[in-house]
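Data first, discussion second: the structure below is written as structure tokens.
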Number of protein chains: 2
Amino acid sequence: MKDPKTYTIDEIGGWERFYRANFLNSLSGFKPLNLIATVDEHGVSNLGLFSNIVHLGADPALIGFINRPREAAPHTLANIERGRFYTINHVHPEILERAHQCSAKYPDGVSEFTSTGLNEEWIEGLPVPYVRESLVRYALELVQVNPIPLNGTFFVIGRVLQAQLDPTLVGADGFIDISRSGSLVSTGLDAYGRVEPLARYKYAKPGHPTIELPWTS
Amino acid sequence: MKDPKTYTIDEIGGWERFYRANFLNSLSGFKPLNLIATVDEHGVSNLGLFSNIVHLGADPALIGFINRPREAAPHTLANIERGRFYTINHVHPEILERAHQCSAKYPDGVSEFTSTGLNEEWIEGLPVPYVRESLVRYALELVQVNPIPLNGTFFVIGRVLQAQLDPTLVGADGFIDISRSGSLVSTGLDAYGRVEPLARYKYAKPGHPTIELPWTS
């Protein structure tokens with residue numbers, strides 16, 4: 001790299017709060033942009049915008065996400081702890097403005113669905129709605145909430161119960177082409193990007209050259 | 001969505017191992033593609049390819065990543081537990097083939113740097129190297145390893161010590177334009193994508209319309 005600058009934690013720690021948050025949220029890379037849907041004890045639905053989501057394992061099928069401290073982001077976590085079920089819904093360009101609006105702090109008892117014009121889609125046997133407009137979405141049951149006492153955040157682990165998507169997105173090897181569903185990423189505090197396919201490679205082995213695979217099969 | 005298919009966990013659970021892993025790794029979205037560099041007790045460096053990385057908080061500056069079970073991915077975790085320091089290095093298109101090759105299972109004592117043609121960059125006072133070719137990179141000190149007994153994975157939390165990048169990537173509000181550094185994302189088991197800027201929006205408030213911001217400032 002030509003002329004990199006070294007930013008020490010002493011310098012970073014002295015920055016204004018939003019400047020620092022923007023920098024560190026970009027530094028950690030592009031993350032998958034999703035809406036998490038839950039329901040409160042009065043049956044009022046809630047939608048929150050989340051992007052710190054990880055694949056934990058395929059067998060059992062576990063996916064985790066980071067929930068900010070309770071005082072900053074109370075509803076999703078409380079609803080999951082009480083109701084145990086939630087859906088995670090990919091965001092694509094056509095619903096991005098409405099998804100971003102879900103990051104506004106609506107009061108308790110107000111549904112982000114009604115407020116932003118996204119629609120609930122209820123499935124038999126599932127006590128929480130999907131986002132009807134989302135093109136790739138899955139439902140989970142809570143397995144474990146891991147508090148991170150260091151900063152009051154929570155690492156929430158769920159077991160995948162089902163997924164809903166257009167089956168023509170799924171290749172012969174199980175790969176879902178989420179570039180074709182327009183699934184977005186986020187970076188920084190408020191920036192959203194679209195993903196273009198670059199390459200797929202065959203399983204790497206020591207001493208073997210890299211072999212490119214077709215994006216879809 | 002027109003004609004979505006519902007994939008139940010009973011169906012997913014019955015799939016062949018790689019098919020299921022591809023499906024679930026795509027379902028959870030695009031993730032930031034990074035090389036984690038560590039050093040073993042004999043001073044031999046190690047590079048591993050990781051993409052399940054989350055921003056945990058800006059103050060203190062904490063970033064977490066998922067390490068697969070010890071038997072599947074032993075070196076990075078063991079080196080971090082022993083040495084406590086590591087660097088995380090963004091991957092861009094020019095180093096993607098070499099980065100992918102780092103996912104091959106090299107034997108203990110063989111450095112992925114030497115094997116793949118990536119170069120170490122040592123910084124005074126830091127006991128682990130950066131990847132010289134990486135354009136956005138940061139160093140961390142281990143804070144906590146959280147075992148996830150459910151499936152033998154680990155949630156590893158580190159405190160950011162410093163970051164290195166081209167300062168012209170950083171906007172007036174602290175936003176790092178990691179689309180311009182070509183920072184990549186991964187999906188599925190072996191697929192990599194490039195991110196194009198789509199939009200930035202002003203902090204959302206209930207009852208206020210969405211206001212677009214320029215990508216760079």
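Ordered as shown in the structure tokens, chains take letters A, B, and onward, while each chain numbers its residues from 1 and ligands are numbered from 1 in the order shown.
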- Could you please select, counting only C-alpha atoms, the residues of chain B within 6 Å of chain A and state them as an NGL selection string? :B and (1 or 4-9 or 19 or 21-23 or 26 or 29-32 or 52 or 54 or 58 or 101 or 104 or 106 or 135 or 161-167 or 173-176 or 188 or 190-201 or 204-206)
- Could you give me the residues within chain B that DSSP places in strand (DSSP E), as a VMD selection string? chain B and resid 5 to 8 31 to 32 34 to 39 45 to 50 53 to 58 61 to 67 85 to 90 120 to 121 130 to 131 136 to 148 153 to 165 185 to 187 191 to 201 212 to 213
- Query: Closest to B:Leu35 among B:Val128, B:Val91, B:Val110, B:Ala73, using only C-alpha atoms?
  - Reply: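 Among the listed residues, the smallest separation from B:Leu35 belongs to B:Val91.
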- Query: What are the DSSP helix (DSSP H, G or I) residues of stretch 37-215 of chain B, as number ranges by chain?
  - Reply: B: 74-83, 93-101, 112-116, 167-169
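Between atom CA of A:Pro149 and atom CA of B:Glu141 there is a distance of 17.3 Å.
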- Task: For stretch 78-87 of chain B, please output as JSON, numbers by chain all residues within 9 Å (counting only C-alpha atoms; exclusion window: fewer than 3 positions along the same chain).
- Result: {"B": [35, 36, 37, 38, 39, 40, 41, 46, 70, 74, 75, 126, 127, 128, 129, 130, 131, 137, 138, 139, 140, 141, 142, 143, 145, 158]}
- Item | Point-to-point distance from atom CA of B:Glu94 to atom CA of B:Ser181, Å rounded to tenths |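 If I compute the distance from atom CA of B:Glu94 to atom CA of B:Ser181, I get 10.9 Å.
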- Item | Pairwise distance for atom CA of A:Leu169 and atom CA of A:Thr216, rounded to one decimal in Å |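 Separation between atom CA of A:Leu169 and atom CA of A:Thr216: 9.0 Å.
Shortest atom-to-atom contact with B:Gly109 among B:Ile95, B:Val156, B:Gly48, B:Gly43: B:Gly43, counting only C-alpha atoms.
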- Message: Report as JSON, numbers by chain all protein, DNA and RNA residues lying within 7 Å of A:Phe113, evaluated on only C-alpha atoms, omitting residues in the same chain fewer than 5 positions from it.
- Response: {"A": [46, 47, 118, 119, 120]}
Restricted to N, CA and C atoms, what would the selected residues look like written as a PDB file, in the first residue's frame?
```
ATOM      1  N   ASN A  46     -42.795  -6.078  15.190  1.00  0.00           N
ATOM      2  CA  ASN A  46     -41.649  -5.172  15.250  1.00  0.00           C
ATOM      3  C   ASN A  46     -40.663  -5.559  14.168  1.00  0.00           C
ATOM      4  N   LEU A  47     -40.065  -4.557  13.543  1.00  0.00           N
ATOM      5  CA  LEU A  47     -39.025  -4.799  12.540  1.00  0.00           C
ATOM      6  C   LEU A  47     -37.794  -3.990  12.911  1.00  0.00           C
ATOM      7  N   LEU A 118     -43.986  -1.562   4.893  1.00  0.00           N
ATOM      8  CA  LEU A 118     -43.653  -2.954   4.572  1.00  0.00           C
ATOM      9  C   LEU A 118     -44.806  -3.829   5.064  1.00  0.00           C
ATOM     10  N   ASN A 119     -44.948  -5.001   4.503  1.00  0.00           N
ATOM     11  CA  ASN A 119     -46.108  -5.829   4.830  1.00  0.00           C
ATOM     12  C   ASN A 119     -45.722  -7.127   5.531  1.00  0.00           C
ATOM     13  N   GLU A 120     -46.607  -7.532   6.439  1.00  0.00           N
ATOM     14  CA  GLU A 120     -46.404  -8.805   7.142  1.00  0.00           C
ATOM     15  C   GLU A 120     -46.885  -9.943   6.252  1.00  0.00           C
TER      16      GLU A 120
END
```
